[in-house]
Amino acid sequence: MTGAEAIPGSPSVLDPPYDYPGYNSTRLRAPKMGLRPMPPGSADKGGPVFGDGLVVAEDHDLTLGHTGEPVGQRIIVTGRLSDSAGRPVRRQLVEIWQANAAGRYRHDMDRHPAPLDPNFTGVGRCLTDDDGHYRFVTVQPGAYPWKNHYNAWRPAHIHFSVFGTSFVDRLITQMYFPGDPLLALDPIYQSIGDRRAAELLVAKFDMATTVESWALGYVFDIVVGGAGPTPADS
Amino acid sequence: MRPSASSSPCLRTPSQTAGPFVSLGTEWLTDAGMVSESDPSAIIVFGSVVDGDERPVTDAMLEFWQTGAAGASLAGSPQSCSGLARALCGPDGGYRVVTAKPAALPGPAGQLQAPHIDVSIFARGLLQRLVTRIYFSDEEANEADPVLVGLEGPDLRNRLVAQRSNADDLGSAKGAPRYHFDVHLQGDRETVFFGPW
């Protein structure tokens, strides 16, 4: 799977297609009629506005809120949310959710027989600052098996949900960790045909973000915007 | 590497599926709807999401997007978000959301667009969100709406029109108008989806 290829029914060559046989759940869920052109006006509808009281400072730290500390490698995940021209997306909502260090989600439908952690829910959120930056404190999620095919394992990942400044910017994606051998075997990650685009989902280990004697640091920048190149400001 | 404002646009971050546990991270915002059910502008949109076998999709998350359309009632309090109402499907694939009915809007070409809500759908098995639109069955403006008129035939058009429902809703004591809108991801009644964006 190398190089960018236009996939019919895909919103853009940089995004995965709806119908991707390697990922079984697409079979009955991918639309078959083909997409209609985006209605005029929908694309530029502005993003939601989130009240300052909706998200509190503690929401960015997934290791808080319980009687003890969660098990696992403590990590900091930080980055910048921008549009494709590099302009910051300011004061917008970033939401994350993830499995615990053992690879188990705190969710009724997760049947993986790995332990739940009484000190970890795996949900965080924050608003970006005026330069588009966000920051989370959490623990390294574990890989976990799933039923897609025999001996299938999801690489460790954190789900990210972000808003930009308009409807086209809305994005839910997953952040992965560098050097993970499961990436090459994961149909969800591999569904992105363009290697350069796929690599954008792999966070960079960063010593400048790492805090001595406390937590490893990763940087994950997110760029939102429509499929077409944005004309440069000039 | 930091994105910087330069003449070469940055590559956009690709999408990945929200996965089966999307409710874990997103449920908190389903209570922060843009209007309360007792607000005079409130409406209730309800329905189901089904897959190509007509089986309920129990792990979908829907977002109803309508920034500023209904005026003052959308002004957010510090504890709320404005412009967005979020709903999760239950074990039967059903969803229910309280939102505001928007006004008719002029489109970019000056043509009047009938009242509508742009909707995003996220779920396991959707590597990208799906985008559709909800129109309302009690709006005469639908007849001249450029998007609806552009679809071939009434059957396709009706797939985007939420039907005003007169059935009782035990959860709707205030009598907010109710509209029924089902999403068919696939099949003979596949919903009309839009893209790319």
# chains A, B, ... in the order shown; residues from 1 in each chain; ligands from 1
$ residues_around --residues "range 200-211 of chain A" --least-positions-apart "2" --cutoff "8 Å" --atoms "only C-alpha atoms" --output "PyMOL selection string"
(chain A and resi 75-76+78+174-178+196-198+213-221) or (chain B and resi 13-14)
$ residues_around --residues "range 152-155 of chain A" --least-positions-apart "5" --cutoff "7 Å" --atoms "only C-alpha atoms" --output "list of chain:residue names"
A:Ala143, A:Tyr144, A:Pro145, A:Trp146, A:Lys147, A:Asp180, A:Leu182, A:Leu183, A:Asp186
$ closest_residue --among "A:Asn119, A:Gln190, A:Ser42, A:Gln92" --to "chain B" --atoms "only C-alpha atoms"
A:Ser42
$ residues_around --residues "range 190-197 of chain B" --least-positions-apart "6" --cutoff "10 Å" --atoms "only C-alpha atoms" --output "PDB file with N, CA and C atoms, in the first residue's frame"
ATOM      1  N   GLY A   9     -15.675   7.238  -3.916  1.00  0.00           N
ATOM      2  CA  GLY A   9     -16.476   7.289  -2.698  1.00  0.00           C
ATOM      3  C   GLY A   9     -15.731   7.829  -1.510  1.00  0.00           C
ATOM      4  N   SER A  10     -14.464   8.106  -1.675  1.00  0.00           N
ATOM      5  CA  SER A  10     -13.703   8.655  -0.568  1.00  0.00           C
ATOM      6  C   SER A  10     -13.747  10.179  -0.632  1.00  0.00           C
ATOM      7  N   PRO A  11     -13.920  10.816   0.536  1.00  0.00           N
ATOM      8  CA  PRO A  11     -13.960  12.274   0.525  1.00  0.00           C
ATOM      9  C   PRO A  11     -12.688  12.895  -0.045  1.00  0.00           C
ATOM     10  N   SER A  12     -11.555  12.278   0.121  1.00  0.00           N
ATOM     11  CA  SER A  12     -10.340  12.805  -0.492  1.00  0.00           C
ATOM     12  C   SER A  12      -9.307  11.696  -0.498  1.00  0.00           C
ATOM     13  N   PRO A  31     -21.736   3.536   2.578  1.00  0.00           N
ATOM     14  CA  PRO A  31     -22.790   3.825   1.597  1.00  0.00           C
ATOM     15  C   PRO A  31     -22.382   3.350   0.217  1.00  0.00           C
ATOM     16  N   LYS A  32     -23.363   2.950  -0.602  1.00  0.00           N
ATOM     17  CA  LYS A  32     -23.079   2.397  -1.924  1.00  0.00           C
ATOM     18  C   LYS A  32     -23.499   3.325  -3.058  1.00  0.00           C
ATOM     19  N   MET A  33     -24.330   4.309  -2.740  1.00  0.00           N
ATOM     20  CA  MET A  33     -24.880   5.147  -3.823  1.00  0.00           C
ATOM     21  C   MET A  33     -23.876   6.161  -4.355  1.00  0.00           C
ATOM     22  N   GLY A  34     -22.823   6.393  -3.609  1.00  0.00           N
ATOM     23  CA  GLY A  34     -21.919   7.476  -3.998  1.00  0.00           C
ATOM     24  C   GLY A  34     -22.361   8.767  -3.334  1.00  0.00           C
ATOM     25  N   LEU A  35     -21.400   9.635  -3.097  1.00  0.00           N
ATOM     26  CA  LEU A  35     -21.706  10.880  -2.397  1.00  0.00           C
ATOM     27  C   LEU A  35     -22.235  11.924  -3.376  1.00  0.00           C
ATOM     28  N   ARG A  36     -23.158  12.728  -2.891  1.00  0.00           N
ATOM     29  CA  ARG A  36     -23.626  13.892  -3.647  1.00  0.00           C
ATOM     30  C   ARG A  36     -22.713  15.068  -3.342  1.00  0.00           C
ATOM     31  N   PRO A  37     -22.610  15.999  -4.288  1.00  0.00           N
ATOM     32  CA  PRO A  37     -21.762  17.166  -3.995  1.00  0.00           C
ATOM     33  C   PRO A  37     -22.238  17.876  -2.736  1.00  0.00           C
ATOM     34  N   MET A  38     -21.298  18.326  -1.964  1.00  0.00           N
ATOM     35  CA  MET A  38     -21.608  19.049  -0.730  1.00  0.00           C
ATOM     36  C   MET A  38     -22.533  20.229  -1.058  1.00  0.00           C
ATOM     37  N   PRO A  39     -23.652  20.362  -0.339  1.00  0.00           N
ATOM     38  CA  PRO A  39     -24.567  21.466  -0.648  1.00  0.00           C
ATOM     39  C   PRO A  39     -23.882  22.821  -0.471  1.00  0.00           C
ATOM     40  N   SER A  42     -23.023  24.592   3.143  1.00  0.00           N
ATOM     41  CA  SER A  42     -22.754  23.719   4.294  1.00  0.00           C
ATOM     42  C   SER A  42     -21.302  23.811   4.732  1.00  0.00           C
ATOM     43  N   ALA A  43     -20.416  23.849   3.724  1.00  0.00           N
ATOM     44  CA  ALA A  43     -18.992  23.782   4.024  1.00  0.00           C
ATOM     45  C   ALA A  43     -18.542  24.935   4.909  1.00  0.00           C
ATOM     46  N   PHE A 167     -17.701  23.760   9.303  1.00  0.00           N
ATOM     47  CA  PHE A 167     -18.228  22.392   9.225  1.00  0.00           C
ATOM     48  C   PHE A 167     -17.236  21.427   8.574  1.00  0.00           C
ATOM     49  N   VAL A 168     -16.510  21.891   7.568  1.00  0.00           N
ATOM     50  CA  VAL A 168     -15.576  20.988   6.883  1.00  0.00           C
ATOM     51  C   VAL A 168     -14.412  20.577   7.777  1.00  0.00           C
ATOM     52  N   ASP A 169     -14.160  21.330   8.827  1.00  0.00           N
ATOM     53  CA  ASP A 169     -13.005  21.056   9.690  1.00  0.00           C
ATOM     54  C   ASP A 169     -13.248  19.925  10.690  1.00  0.00           C
ATOM     55  N   GLY A 225      -9.209  21.010   7.758  1.00  0.00           N
ATOM     56  CA  GLY A 225      -9.570  21.835   6.608  1.00  0.00           C
ATOM     57  C   GLY A 225     -10.122  20.995   5.499  1.00  0.00           C
ATOM     58  N   GLY A 226     -10.684  21.650   4.523  1.00  0.00           N
ATOM     59  CA  GLY A 226     -11.258  20.941   3.394  1.00  0.00           C
ATOM     60  C   GLY A 226     -10.202  20.197   2.602  1.00  0.00           C
ATOM     61  N   ALA A 227     -10.667  19.373   1.660  1.00  0.00           N
ATOM     62  CA  ALA A 227      -9.755  18.517   0.917  1.00  0.00           C
ATOM     63  C   ALA A 227      -8.834  19.314  -0.006  1.00  0.00           C
ATOM     64  N   GLY A 228      -9.336  20.401  -0.528  1.00  0.00           N
ATOM     65  CA  GLY A 228      -8.535  21.166  -1.471  1.00  0.00           C
ATOM     66  C   GLY A 228      -7.494  21.987  -0.765  1.00  0.00           C
TER      67      GLY A 228
ATOM     68  N   VAL B  50     -29.651   2.486  10.829  1.00  0.00           N
ATOM     69  CA  VAL B  50     -29.584   1.056  10.512  1.00  0.00           C
ATOM     70  C   VAL B  50     -28.524   0.801   9.450  1.00  0.00           C
ATOM     71  N   ASP B  51     -28.014  -0.437   9.436  1.00  0.00           N
ATOM     72  CA  ASP B  51     -26.974  -0.792   8.468  1.00  0.00           C
ATOM     73  C   ASP B  51     -27.589  -1.437   7.223  1.00  0.00           C
ATOM     74  N   GLY B  52     -26.749  -1.988   6.358  1.00  0.00           N
ATOM     75  CA  GLY B  52     -27.206  -2.558   5.100  1.00  0.00           C
ATOM     76  C   GLY B  52     -28.083  -3.787   5.254  1.00  0.00           C
ATOM     77  N   VAL B 119     -25.876  17.358   9.317  1.00  0.00           N
ATOM     78  CA  VAL B 119     -25.678  16.283  10.296  1.00  0.00           C
ATOM     79  C   VAL B 119     -24.419  15.488   9.963  1.00  0.00           C
ATOM     80  N   SER B 120     -23.613  15.210  10.981  1.00  0.00           N
ATOM     81  CA  SER B 120     -22.463  14.307  10.845  1.00  0.00           C
ATOM     82  C   SER B 120     -22.772  13.022  11.598  1.00  0.00           C
ATOM     83  N   LEU B 130     -19.981  10.416   8.027  1.00  0.00           N
ATOM     84  CA  LEU B 130     -20.922  10.623   6.933  1.00  0.00           C
ATOM     85  C   LEU B 130     -21.623  11.949   7.173  1.00  0.00           C
ATOM     86  N   VAL B 131     -21.932  12.649   6.086  1.00  0.00           N
ATOM     87  CA  VAL B 131     -22.595  13.941   6.185  1.00  0.00           C
ATOM     88  C   VAL B 131     -23.930  13.876   5.446  1.00  0.00           C
ATOM     89  N   THR B 132     -25.000  14.259   6.137  1.00  0.00           N
ATOM     90  CA  THR B 132     -26.291  14.372   5.469  1.00  0.00           C
ATOM     91  C   THR B 132     -26.975  15.656   5.939  1.00  0.00           C
ATOM     92  N   ARG B 133     -28.213  15.855   5.485  1.00  0.00           N
ATOM     93  CA  ARG B 133     -28.977  17.031   5.840  1.00  0.00           C
ATOM     94  C   ARG B 133     -30.372  16.613   6.232  1.00  0.00           C
ATOM     95  N   LEU B 151     -32.139  16.602  -6.523  1.00  0.00           N
ATOM     96  CA  LEU B 151     -32.182  15.139  -6.417  1.00  0.00           C
ATOM     97  C   LEU B 151     -33.228  14.584  -7.372  1.00  0.00           C
ATOM     98  N   LEU B 156     -36.009   9.987  -3.504  1.00  0.00           N
ATOM     99  CA  LEU B 156     -34.697  10.405  -3.020  1.00  0.00           C
ATOM    100  C   LEU B 156     -34.813  11.651  -2.141  1.00  0.00           C
ATOM    101  N   ARG B 157     -35.668  12.584  -2.586  1.00  0.00           N
ATOM    102  CA  ARG B 157     -35.858  13.818  -1.819  1.00  0.00           C
ATOM    103  C   ARG B 157     -36.396  13.509  -0.423  1.00  0.00           C
ATOM    104  N   ASN B 158     -37.349  12.609  -0.369  1.00  0.00           N
ATOM    105  CA  ASN B 158     -37.971  12.306   0.928  1.00  0.00           C
ATOM    106  C   ASN B 158     -36.998  11.697   1.922  1.00  0.00           C
ATOM    107  N   ARG B 159     -35.923  11.127   1.412  1.00  0.00           N
ATOM    108  CA  ARG B 159     -34.960  10.531   2.344  1.00  0.00           C
ATOM    109  C   ARG B 159     -34.258  11.591   3.185  1.00  0.00           C
ATOM    110  N   LEU B 160     -34.339  12.839   2.740  1.00  0.00           N
ATOM    111  CA  LEU B 160     -33.715  13.918   3.516  1.00  0.00           C
ATOM    112  C   LEU B 160     -34.725  14.695   4.354  1.00  0.00           C
ATOM    113  N   ASP B 182     -34.903   8.716   9.997  1.00  0.00           N
ATOM    114  CA  ASP B 182     -34.067   7.518  10.074  1.00  0.00           C
ATOM    115  C   ASP B 182     -32.884   7.646   9.125  1.00  0.00           C
ATOM    116  N   VAL B 183     -31.783   7.066   9.515  1.00  0.00           N
ATOM    117  CA  VAL B 183     -30.588   7.037   8.666  1.00  0.00           C
ATOM    118  C   VAL B 183     -30.346   5.603   8.220  1.00  0.00           C
ATOM    119  N   HIS B 184     -30.317   5.392   6.913  1.00  0.00           N
ATOM    120  CA  HIS B 184     -29.985   4.083   6.346  1.00  0.00           C
ATOM    121  C   HIS B 184     -28.586   4.189   5.746  1.00  0.00           C
TER     122      HIS B 184
END
$ residues_around --residues "Pro48 in chain A" --least-positions-apart "3" --cutoff "8 Å" --atoms "only C-alpha atoms" --output "count of residues only"
7
